[in-house]
Amino acid sequence: MSLKVYEATCTAPINIAVIKYWGKRDTKLNLPTNSSLSVTLSQDDLHTKTTCRVSPDLKDDHLWLNGKEEIIAQNKRLTNVINEMRAQRKRMEENDNSLPKISDYNLHICSNNNFPTAAGLASSAAGFACLTYTLATLYQLQLDNVQLSTIARTGSGSACRSLQGGYVAWEMGEKEDGSDSHAIQVATREHWPEMQAIILVVNDTKKKTSSTLGMQHTVATSPLIQHRIKHVVPKAMEDMKKAILNKDFDSFAEITMRDSNSFHAVCADTFPPIYYMNDISRAIVNAVHDYNAAKAALGSAQKYTVAYTFDAGPNAVLYVEKKDANNVLGVISRLFPAAADNNIYERFTFNEKEVDEVLAKMSTPVYQQMNAFKRIIDTKVGDGPRILAKEFNENVSLLKANGEPKELL
Ligand code: DP6
C-alpha cells in the first residue's frame with residue numbers, strides 16, 4: 001500500500017534591483033547595511049520552478065538543483081530556510097491536533113531554472129524565493145509574503161524581494177533578530193505595466209567575485225560605502241518610491257543609473273578593488289547617455305528614455321517603457337553588431353528609419369568587436385510567485401511518482 005504523499009509545485013520570478021543591496025550588517029541572518037528596491041520580472045520569461053514533497057515513504061532529505069544533487073547539510077543557506085519552515089510547521093501541528101504530523105517526514109526538493117546558468121543571471125533570488133514559497137504551500141503555513149520574505153532572506157538577501165510582484169522594497173529594518181528586515185510591495189505590476197527590461201548578456205569569460213564575498217570585502221575595506229549607506233541610499237529610496245508611485249520615468253531612470261554607478265564606485269573603492277563591469281558594459285553606459293541626449297534633442301519631452309543598471313557582473317539591464325523598447329534595441333543592434341552567423345537580433349523587427357534618425361544625433365562609435373552579447377532577453381515587470389499544484393500532479397511535478405527527479409544531468 002502506498003503511503004500518503006504531500007506535495008506542492010510553484011514558480012517564482014527573478015528581480016533586478018534599481019537600488020542595490022550591497023553590504024551585510026549580520027552575515028548569519030543576512031541583514032543588510034542598506035535598504036534596496038527592485039522590479040520583479042515576468043515569470044513567463046524567466047523563473048525558477050520547485051517541487052517539494054514529504055511522505056513517510058521517503059528515506060532521507062534530498063535536493064536536486066537543475067538536475068544535480070546538492071547536499072543540503074553542506075549548504076548553510078539551504079538549511080537555514082528548510083529548518084525554519086519545518087519548525088514553523090511543527091509549531092502549527094503542536095497547536096492543532098487535527099493537523100497531519102508531516103513536519104517529521106523526510107523531504108524531497110527538486111528545483112529548475114528555465115534559463116541556463118550560463119546566461120549569467122543571478123538565480124539565487126528566484127531559487128530561494130521559490131523554495132520558501134513552495135515549502136509554505138506544502139506545509140500550509142499561515143504566513144503572508146512579507147513574513148515569508150524574512151525567511152527567504154536568510155537563504156539569499158535579494159530573494160526576499162522575489163516574493164512580491166511589481167515594484168518591491170526590502171526595508172533593512174533595525175531589530176537585531178531581523179524580524180523587521182523584510183520586503184514590501186511599493187506598487188503592483190498593474191500600476192505601471194509599461195515597464196520593460198532588456199537584458200544584454202555580455203560575452204565574458206572572467207570569473208567573478210561572488211556577491212556574498214564581494215560585499216563583505218567592501219564593508220571591511222571601503223570608506224566610501226559609509227557615505228553610500230548613510231547619505232546616498234536613504235534619499236534615493238524615498239525618491240524612487242515617489243518616482244514609481246507617480247510613474248515618473250525621468251526620476252526612475254536617473255535614480256537607477258546613479259545607484260548603479262554608486263554601487264560600482266564602492267566596488268572600485270574596495271581594497272583590492274572589485275571590477276564587475278567590463279569594456280562592453282562601459283560602452284553600453286556611454287551609448288545609453290548618448291541615446292537619451294539624442295532623443296531629447298529630437299524633441300522628446302523626457303530627459304531619459306532608457307536607464308541602465310549592472311549587478312555583480314558585466315551584463316546590462318536596460319529599463320525602458322514599452323513605447324520606446326523597440327527603438328532602443330534597434331539602436332543597440334547597430335552599435336553592437338552581430339556577425340552574419342549570429343542571429344541574436346533576428347527575432348526583432350526594427351523601424352530602420354527611426355533608428356537612423358536617432359543614430360544621426362549620436363556620437364557613440366560602433367563597438368569594434370563583433371558579437372558583444374551572448375544573449376538578449378526582453379521581458380517586462382511581472383507578478384509574484386505562483387502555485388502550480390498543491391498535490392502530486394504528474395504533468396506539473398518535477399518528481400516522478402516514486403519521488404525521484406524526472407530529469408537528472
Ligand atoms: C548586486 O542577494 O546574491 O545583485 O545575500 O549573499 O546571497 P547574498 O547576496 P545576493 O546579492 C545581490 C547583490 C546585487 C544587488 C541586488 O540584487 O540588490
# chains A, B, ... in the order shown; residues from 1 in each chain; ligands from 1
>>> residues_near_ligand(ligand="ligand 1", cutoff="10 Å", atoms="only C-alpha atoms and all ligand atoms", output="PyMOL selection string")
chain A and resi 14-24+27+29-32+34-38+77+121-125+128+152-161+170+210-216+260+263-264+276+309-313
>>> select_by_dssp(residues="region 42-233 of chain A", states="alpha helix (DSSP H)", output="PyMOL selection string")
chain A and resi 76-95+124-138+145-153+211-221+224-227+233
>>> write_last_selection(atoms="C-alpha atoms", output="PDB file, in the first residue's frame")
ATOM      1  CA  LYS A  76      24.060  26.710   5.298  1.00  0.00           C
ATOM      2  CA  ARG A  77      21.676  28.811   3.207  1.00  0.00           C
ATOM      3  CA  LEU A  78      19.517  25.797   2.378  1.00  0.00           C
ATOM      4  CA  THR A  79      19.460  24.507   5.948  1.00  0.00           C
ATOM      5  CA  ASN A  80      18.525  27.991   7.217  1.00  0.00           C
ATOM      6  CA  VAL A  81      15.389  28.039   5.077  1.00  0.00           C
ATOM      7  CA  ILE A  82      14.386  24.368   5.346  1.00  0.00           C
ATOM      8  CA  ASN A  83      14.857  24.174   9.124  1.00  0.00           C
ATOM      9  CA  GLU A  84      12.840  27.333   9.707  1.00  0.00           C
ATOM     10  CA  MET A  85       9.947  26.162   7.514  1.00  0.00           C
ATOM     11  CA  ARG A  86       9.887  22.790   9.282  1.00  0.00           C
ATOM     12  CA  ALA A  87       9.938  24.493  12.667  1.00  0.00           C
ATOM     13  CA  GLN A  88       7.005  26.687  11.629  1.00  0.00           C
ATOM     14  CA  ARG A  89       5.013  23.602  10.556  1.00  0.00           C
ATOM     15  CA  LYS A  90       5.872  21.784  13.790  1.00  0.00           C
ATOM     16  CA  ARG A  91       4.582  24.700  15.842  1.00  0.00           C
ATOM     17  CA  MET A  92       1.323  24.631  13.896  1.00  0.00           C
ATOM     18  CA  GLU A  93       0.946  20.892  14.483  1.00  0.00           C
ATOM     19  CA  GLU A  94       1.605  21.316  18.206  1.00  0.00           C
ATOM     20  CA  ASN A  95      -1.134  23.928  18.423  1.00  0.00           C
ATOM     21  CA  SER A 124      19.686  32.676  -6.182  1.00  0.00           C
ATOM     22  CA  ALA A 125      16.902  35.250  -5.793  1.00  0.00           C
ATOM     23  CA  ALA A 126      14.308  33.238  -7.718  1.00  0.00           C
ATOM     24  CA  GLY A 127      15.656  29.974  -6.274  1.00  0.00           C
ATOM     25  CA  PHE A 128      15.352  30.844  -2.585  1.00  0.00           C
ATOM     26  CA  ALA A 129      12.069  32.701  -3.092  1.00  0.00           C
ATOM     27  CA  CYS A 130      10.657  29.624  -4.809  1.00  0.00           C
ATOM     28  CA  LEU A 131      11.973  27.230  -2.156  1.00  0.00           C
ATOM     29  CA  THR A 132      10.421  29.308   0.633  1.00  0.00           C
ATOM     30  CA  TYR A 133       7.114  29.768  -1.161  1.00  0.00           C
ATOM     31  CA  THR A 134       6.778  26.101  -2.170  1.00  0.00           C
ATOM     32  CA  LEU A 135       7.561  24.866   1.369  1.00  0.00           C
ATOM     33  CA  ALA A 136       4.996  27.324   2.768  1.00  0.00           C
ATOM     34  CA  THR A 137       2.418  25.929   0.310  1.00  0.00           C
ATOM     35  CA  LEU A 138       3.324  22.317   1.113  1.00  0.00           C
ATOM     36  CA  ASN A 145       4.516  37.050   1.683  1.00  0.00           C
ATOM     37  CA  VAL A 146       6.051  39.780   3.864  1.00  0.00           C
ATOM     38  CA  GLN A 147       6.615  37.249   6.657  1.00  0.00           C
ATOM     39  CA  LEU A 148       7.919  34.699   4.157  1.00  0.00           C
ATOM     40  CA  SER A 149      10.362  37.280   2.817  1.00  0.00           C
ATOM     41  CA  THR A 150      12.226  37.309   6.158  1.00  0.00           C
ATOM     42  CA  ILE A 151      12.795  33.558   5.766  1.00  0.00           C
ATOM     43  CA  ALA A 152      13.817  33.713   2.077  1.00  0.00           C
ATOM     44  CA  ARG A 153      16.252  36.492   3.098  1.00  0.00           C
ATOM     45  CA  SER A 211      28.163  38.913  -4.375  1.00  0.00           C
ATOM     46  CA  THR A 212      28.340  37.340  -0.935  1.00  0.00           C
ATOM     47  CA  LEU A 213      32.144  37.689  -0.700  1.00  0.00           C
ATOM     48  CA  GLY A 214      32.379  40.914  -2.675  1.00  0.00           C
ATOM     49  CA  MET A 215      30.055  42.839  -0.386  1.00  0.00           C
ATOM     50  CA  GLN A 216      31.878  41.621   2.706  1.00  0.00           C
ATOM     51  CA  HIS A 217      35.202  42.884   1.314  1.00  0.00           C
ATOM     52  CA  THR A 218      33.556  46.206   0.516  1.00  0.00           C
ATOM     53  CA  VAL A 219      32.150  46.644   4.032  1.00  0.00           C
ATOM     54  CA  ALA A 220      35.523  45.695   5.536  1.00  0.00           C
ATOM     55  CA  THR A 221      37.732  47.959   3.393  1.00  0.00           C
ATOM     56  CA  LEU A 224      33.134  55.231   0.522  1.00  0.00           C
ATOM     57  CA  ILE A 225      30.459  52.677   1.366  1.00  0.00           C
ATOM     58  CA  GLN A 226      29.781  54.500   4.642  1.00  0.00           C
ATOM     59  CA  HIS A 227      28.844  57.571   2.636  1.00  0.00           C
ATOM     60  CA  VAL A 233      20.643  55.331  -0.308  1.00  0.00           C
TER      61      VAL A 233
END
>>> select_by_dssp(residues="region 125-367 of chain A", states="strand (DSSP E)", output="ChimeraX atom specification")
/A:167-171,182-187,195-202,306-310,316-321
>>> closest_residue(among="A:Leu107, A:Val202, A:Ala325, A:Val288", to="Glu254 (chain A)", atoms="only C-alpha atoms")
A:Val288
>>> residues_around(residues="Val186 (chain A)", least_positions_apart="6", cutoff="10 Å", atoms="only C-alpha atoms", output="list in words")
Leu37, Ser38, Val39, Gln164, Gly165, Gly166, Tyr167, Val168, Ala169, Trp170, Met240, Lys241, Lys242, Ile244 and Leu245 of chain A
>>> atom_distance(atom1="CA of Gln43 (chain A)", atom2="CA of Thr305 (chain A)")
24.8 Å
>>> residues_around(residues="Ile109 (chain A)", least_positions_apart="4", cutoff="7 Å", atoms="only C-alpha atoms", output="number ranges by chain")
A: 51-53, 62-64
>>> closest_residue(among="A:Arg347, A:Lys390, A:Lys323, A:Arg189", to="Ser42 (chain A)", atoms="only C-alpha atoms")
A:Arg189
>>> decode(residues="region 174-187 of chain A", atoms="N, CA and C atoms", output="PDB file, in the first residue's frame")
ATOM      1  N   GLU A 174      15.642  47.451  11.758  1.00  0.00           N
ATOM      2  CA  GLU A 174      16.563  47.877  12.822  1.00  0.00           C
ATOM      3  C   GLU A 174      16.819  46.777  13.840  1.00  0.00           C
ATOM      4  N   LYS A 175      15.865  45.859  13.949  1.00  0.00           N
ATOM      5  CA  LYS A 175      15.945  44.869  15.025  1.00  0.00           C
ATOM      6  C   LYS A 175      17.100  43.887  14.806  1.00  0.00           C
ATOM      7  N   GLU A 176      17.674  43.462  15.928  1.00  0.00           N
ATOM      8  CA  GLU A 176      18.810  42.542  15.855  1.00  0.00           C
ATOM      9  C   GLU A 176      18.413  41.169  15.355  1.00  0.00           C
ATOM     10  N   ASP A 177      17.156  40.763  15.642  1.00  0.00           N
ATOM     11  CA  ASP A 177      16.731  39.419  15.218  1.00  0.00           C
ATOM     12  C   ASP A 177      16.273  39.385  13.754  1.00  0.00           C
ATOM     13  N   GLY A 178      16.276  40.557  13.096  1.00  0.00           N
ATOM     14  CA  GLY A 178      15.954  40.599  11.669  1.00  0.00           C
ATOM     15  C   GLY A 178      14.469  40.533  11.357  1.00  0.00           C
ATOM     16  N   SER A 179      13.618  40.532  12.376  1.00  0.00           N
ATOM     17  CA  SER A 179      12.183  40.321  12.115  1.00  0.00           C
ATOM     18  C   SER A 179      11.549  41.480  11.338  1.00  0.00           C
ATOM     19  N   ASP A 180      12.215  42.645  11.327  1.00  0.00           N
ATOM     20  CA  ASP A 180      11.652  43.764  10.546  1.00  0.00           C
ATOM     21  C   ASP A 180      12.460  44.026   9.263  1.00  0.00           C
ATOM     22  N   SER A 181      13.315  43.093   8.892  1.00  0.00           N
ATOM     23  CA  SER A 181      14.083  43.247   7.644  1.00  0.00           C
ATOM     24  C   SER A 181      13.390  42.424   6.566  1.00  0.00           C
ATOM     25  N   HIS A 182      12.389  43.038   5.950  1.00  0.00           N
ATOM     26  CA  HIS A 182      11.511  42.288   5.046  1.00  0.00           C
ATOM     27  C   HIS A 182      11.201  43.077   3.778  1.00  0.00           C
ATOM     28  N   ALA A 183      10.584  42.389   2.819  1.00  0.00           N
ATOM     29  CA  ALA A 183      10.258  43.038   1.544  1.00  0.00           C
ATOM     30  C   ALA A 183       8.784  43.408   1.496  1.00  0.00           C
ATOM     31  N   ILE A 184       8.513  44.636   1.082  1.00  0.00           N
ATOM     32  CA  ILE A 184       7.120  45.062   0.926  1.00  0.00           C
ATOM     33  C   ILE A 184       6.904  45.613  -0.489  1.00  0.00           C
ATOM     34  N   GLN A 185       5.698  45.447  -0.962  1.00  0.00           N
ATOM     35  CA  GLN A 185       5.402  45.898  -2.323  1.00  0.00           C
ATOM     36  C   GLN A 185       5.164  47.408  -2.318  1.00  0.00           C
ATOM     37  N   VAL A 186       5.877  48.100  -3.193  1.00  0.00           N
ATOM     38  CA  VAL A 186       5.692  49.551  -3.330  1.00  0.00           C
ATOM     39  C   VAL A 186       4.524  49.818  -4.280  1.00  0.00           C
ATOM     40  N   ALA A 187       4.461  49.033  -5.359  1.00  0.00           N
ATOM     41  CA  ALA A 187       3.366  49.169  -6.330  1.00  0.00           C
ATOM     42  C   ALA A 187       3.223  47.851  -7.080  1.00  0.00           C
TER      43      ALA A 187
END
